[in-house]
Amino acid sequence: MRALTIRAVLFKGVGDLIPLYALYSLLFADHGLSTGQISSLFAIWSTTAFLLEVPSGAWADTVSRRALLILSGVLLTAGFALWTLVPTYLGFALGFVLWGTAGALVSGTFEALLYDDLAARGEQSSYARILGYTRAASETAIVIGIVAATPLYLWGGYALIGWSSVGFAALHTVIAMTLPSAPKVVSAAAVDELEEDDQPPLAYPAATDVSGPFARYLGMLKTGVGEAIRVRAVRNGVLLGALLFGITAFDEYFALLAASAGVATAVVPLLVGVTVLGSLIGSVLAGRTEGMSGRTMAIAVGFGGVLFLGGSLIAGLAEGRPSAVYVLTGLGFTAIGVSYGIVYNAGVVAGARLQDAIEGPARATVTSVSGLLGEVVALVVFAFAAIATTWWSMPIILAVLGATLLPIALVTTSWLPPKHVDD
């Protein structure tokens, strides 16, 4: 268990030790891209992940999940290298295609690999805690990378930040090679049907009978999508996870919010780091909050929405007030950071509950369905920001996005799957 936890934490942590995270929005802007063009890049990113999310999940249920994670690291490394070597709109767009593909390969695959390895040990109850540790490792790495971006930018500009990111992505790929190749908890040949109390039995399609790789792939794809659609607890978990994941696409605009307030470029990473610190704390606490009820989570997410809305508006007040710019942005980003931590914690718990609810053989596929829907939500966020920038300032745009957490809170009570109870 200790070795598994360490490897999983290192894999996720090093994979996000990327200094480019802090400044890539400004990298695009400083190379002449408008807010609309930047939003279009984010849309390309999400569209790529959207198109590949579920197919890659079915692939992960058919072939070696560890091999897909290694391939993901290779593509991530290539994407950052392309950004550094070809800092144009086309170079950024192609880099996002590579990054989006890498993200699709990881999404669902890592969670399924981790859950199945724990299940093989009879330790499913540890999943939320370890997943929280891996998310915390990611957020810690992001904080370190963001803070490091300031001296790296001062010493070597965007070039040094870019090549440092390439190096860490390559190390992340090497660590992927050390992950276990866990057996599937439920083999396709062993499962015939999954029943829902108030629905007809959900018969799995030909995945249980086929032998060819492509036919097995199609069978897994149909099986996973079928479970995600027809089994209520799974469907609710898929939808809730998608909302909590997708809405956090607003974090792509944190750097632009700080810049619009008049903060110096070298300080932007520090303010963004405050929000990442919030998500880090939220992740670490997932092991303690995994048993929360749907009502408790709903109250927390609603409170987070109020904090996010208020923090965005407070940060926006700094514009045109140079004497108070750091006080107001500090207060605003602190409120946003607390909100981000609440939402992140809810997302980890919802993800763990979804894994417990899945009973079929296509675990990665089901998880990827949630990821796909999350990308749809992210695309809506990016489209909204691209259009709204014509009339509104960045603080107003983020305040509106934060307010969407309030209706999400309303559905959380009934959509959060029940907690797994050990036999």
# chains A, B, ... in the order shown; residues from 1 in each chain; ligands from 1
call {"tool": "residues_around", "arguments": {"residues": "region 282-294 of chain A", "least_positions_apart": "3", "cutoff": "8 Å", "atoms": "only C-alpha atoms", "output": "PyMOL selection string"}}
result
chain A and resi 128-130+132-133+135-136+278-279+297-298+341-346+348-349+352+412-416+419
call {"tool": "residues_around", "arguments": {"residues": "Ser312 (chain A)", "least_positions_apart": "2", "cutoff": "8 Å", "atoms": "only C-alpha atoms", "output": "VMD selection string"}}
result
chain A and resid 308 to 310 314 to 316 332 to 333 336 395 to 396 398 to 399
call {"tool": "closest_residue", "arguments": {"among": "A:Leu17, A:Gly145, A:Ser46, A:Leu71", "to": "Leu372 (chain A)", "atoms": "only C-alpha atoms"}}
result
A:Ser46
call {"tool": "residues_around", "arguments": {"residues": "region 376-385 of chain A", "least_positions_apart": "4", "cutoff": "7 Å", "atoms": "only C-alpha atoms", "output": "PyMOL selection string"}}
result
chain A and resi 39+42-43+46+50+243+246-247+249-250+372+389+397
call {"tool": "select_by_dssp", "arguments": {"residues": "region 355-412 of chain A", "states": "helix (DSSP H, G or I)", "output": "number ranges by chain"}}
result
A: 355-357, 363-388, 394-403, 405-412
call {"tool": "select_by_dssp", "arguments": {"residues": "region 118-288 of chain A", "states": "strand (DSSP E or B)", "output": "short mmCIF file (atom, residue, chain, number, x, y, z; two decimals) with all heavy atoms, in the first residue's frame"}}
result
data_model
loop_
_atom_site.label_atom_id
_atom_site.label_comp_id
_atom_site.auth_asym_id
_atom_site.auth_seq_id
_atom_site.Cartn_x
_atom_site.Cartn_y
_atom_site.Cartn_z
N GLU A 193 -24.81 -9.30 -16.37
CA GLU A 193 -25.79 -8.23 -16.31
C GLU A 193 -25.66 -7.46 -15.01
O GLU A 193 -25.07 -7.92 -14.05
CB GLU A 193 -27.21 -8.79 -16.45
CG GLU A 193 -27.60 -9.72 -15.32
CD GLU A 193 -29.02 -10.25 -15.51
OE1 GLU A 193 -29.52 -10.21 -16.64
OE2 GLU A 193 -29.59 -10.69 -14.52
N LEU A 194 -26.17 -6.25 -15.05
CA LEU A 194 -26.18 -5.39 -13.87
C LEU A 194 -27.60 -4.92 -13.66
O LEU A 194 -28.24 -4.45 -14.60
CB LEU A 194 -25.26 -4.18 -14.12
CG LEU A 194 -25.05 -3.23 -12.95
CD1 LEU A 194 -24.30 -3.93 -11.84
CD2 LEU A 194 -24.25 -2.01 -13.41
N LEU A 202 -29.82 -4.53 -16.81
CA LEU A 202 -28.97 -3.94 -17.83
C LEU A 202 -28.06 -5.02 -18.37
O LEU A 202 -27.08 -5.40 -17.75
CB LEU A 202 -28.15 -2.80 -17.24
CG LEU A 202 -27.09 -2.17 -18.16
CD1 LEU A 202 -27.74 -1.64 -19.43
CD2 LEU A 202 -26.34 -1.08 -17.43
N ALA A 203 -28.41 -5.56 -19.52
CA ALA A 203 -27.60 -6.63 -20.11
C ALA A 203 -26.39 -6.03 -20.79
O ALA A 203 -26.52 -5.11 -21.59
CB ALA A 203 -28.44 -7.42 -21.11
#
call {"tool": "residues_around", "arguments": {"residues": "Gly302 (chain A)", "least_positions_apart": "2", "cutoff": "9 Å", "atoms": "only C-alpha atoms", "output": "PDB file with N, CA and C atoms, in the first residue's frame"}}
result
ATOM      1  N   MET A 297     -22.627  18.397   1.361  1.00  0.00           N
ATOM      2  CA  MET A 297     -21.867  18.830   0.191  1.00  0.00           C
ATOM      3  C   MET A 297     -22.573  19.975  -0.525  1.00  0.00           C
ATOM      4  N   ALA A 298     -23.889  19.915  -0.589  1.00  0.00           N
ATOM      5  CA  ALA A 298     -24.644  20.970  -1.257  1.00  0.00           C
ATOM      6  C   ALA A 298     -24.431  22.315  -0.553  1.00  0.00           C
ATOM      7  N   ILE A 299     -24.476  22.306   0.776  1.00  0.00           N
ATOM      8  CA  ILE A 299     -24.259  23.546   1.528  1.00  0.00           C
ATOM      9  C   ILE A 299     -22.850  24.077   1.283  1.00  0.00           C
ATOM     10  N   ALA A 300     -21.862  23.172   1.281  1.00  0.00           N
ATOM     11  CA  ALA A 300     -20.473  23.575   1.069  1.00  0.00           C
ATOM     12  C   ALA A 300     -20.270  24.181  -0.314  1.00  0.00           C
ATOM     13  N   GLY A 304     -19.250  27.953  -1.352  1.00  0.00           N
ATOM     14  CA  GLY A 304     -18.127  28.197  -2.240  1.00  0.00           C
ATOM     15  C   GLY A 304     -18.506  29.124  -3.382  1.00  0.00           C
ATOM     16  N   GLY A 305     -19.715  28.980  -3.903  1.00  0.00           N
ATOM     17  CA  GLY A 305     -20.166  29.856  -4.972  1.00  0.00           C
ATOM     18  C   GLY A 305     -20.250  31.305  -4.534  1.00  0.00           C
ATOM     19  N   VAL A 306     -20.754  31.532  -3.331  1.00  0.00           N
ATOM     20  CA  VAL A 306     -20.846  32.900  -2.801  1.00  0.00           C
ATOM     21  C   VAL A 306     -19.443  33.499  -2.625  1.00  0.00           C
ATOM     22  N   LEU A 307     -18.517  32.699  -2.087  1.00  0.00           N
ATOM     23  CA  LEU A 307     -17.149  33.185  -1.906  1.00  0.00           C
ATOM     24  C   LEU A 307     -16.493  33.512  -3.247  1.00  0.00           C
ATOM     25  N   ALA A 403     -21.043  32.143  -9.835  1.00  0.00           N
ATOM     26  CA  ALA A 403     -22.436  32.047  -9.412  1.00  0.00           C
ATOM     27  C   ALA A 403     -23.096  30.759  -9.892  1.00  0.00           C
ATOM     28  N   LEU A 405     -22.089  27.932  -9.426  1.00  0.00           N
ATOM     29  CA  LEU A 405     -21.952  26.919  -8.386  1.00  0.00           C
ATOM     30  C   LEU A 405     -23.231  26.790  -7.555  1.00  0.00           C
ATOM     31  N   LEU A 406     -24.036  27.835  -7.528  1.00  0.00           N
ATOM     32  CA  LEU A 406     -25.261  27.811  -6.715  1.00  0.00           C
ATOM     33  C   LEU A 406     -26.281  26.795  -7.257  1.00  0.00           C
ATOM     34  N   PRO A 407     -26.606  26.799  -8.553  1.00  0.00           N
ATOM     35  CA  PRO A 407     -27.511  25.744  -9.039  1.00  0.00           C
ATOM     36  C   PRO A 407     -26.896  24.348  -8.976  1.00  0.00           C
ATOM     37  N   ILE A 408     -25.559  24.252  -9.105  1.00  0.00           N
ATOM     38  CA  ILE A 408     -24.914  22.944  -8.949  1.00  0.00           C
ATOM     39  C   ILE A 408     -25.148  22.417  -7.542  1.00  0.00           C
ATOM     40  N   ALA A 409     -25.093  23.319  -6.560  1.00  0.00           N
ATOM     41  CA  ALA A 409     -25.327  22.920  -5.173  1.00  0.00           C
ATOM     42  C   ALA A 409     -26.732  22.340  -4.991  1.00  0.00           C
ATOM     43  N   LEU A 410     -27.691  22.867  -5.741  1.00  0.00           N
ATOM     44  CA  LEU A 410     -29.068  22.412  -5.581  1.00  0.00           C
ATOM     45  C   LEU A 410     -29.263  20.957  -5.989  1.00  0.00           C
TER      46      LEU A 410
END
call {"tool": "residues_around", "arguments": {"residues": "Ser165 (chain A)", "least_positions_apart": "3", "cutoff": "8 Å", "atoms": "only C-alpha atoms", "output": "NGL selection string"}}
result
:A and (17-20 or 80 or 161-162 or 168-169)
call {"tool": "closest_residue", "arguments": {"among": "A:Ala170, A:Met394, A:Ala324, A:Ala22", "to": "Val274 (chain A)", "atoms": "only C-alpha atoms"}}
result
A:Ala22
call {"tool": "closest_residue", "arguments": {"among": "A:Leu270, A:Leu10, A:Tyr326, A:Val74", "to": "Thr173 (chain A)", "atoms": "only C-alpha atoms"}}
result
A:Val74
call {"tool": "residues_around", "arguments": {"residues": "Asp251 (chain A)", "least_positions_apart": "5", "cutoff": "10 Å", "atoms": "only C-alpha atoms", "output": "count of residues only"}}
result
8
call {"tool": "closest_residue", "arguments": {"among": "A:Gly157, A:Pro322, A:Pro180, A:Gly374", "to": "Ala8 (chain A)", "atoms": "only C-alpha atoms"}}
result
A:Pro180
call {"tool": "closest_residue", "arguments": {"among": "A:Leu118, A:Ala148, A:Pro269, A:Leu33", "to": "Arg2 (chain A)", "atoms": "only C-alpha atoms"}}
result
A:Leu118
call {"tool": "closest_residue", "arguments": {"among": "A:Leu51, A:Ile70, A:Ala335, A:Ile281", "to": "Thr140 (chain A)", "atoms": "only C-alpha atoms"}}
result
A:Ile281
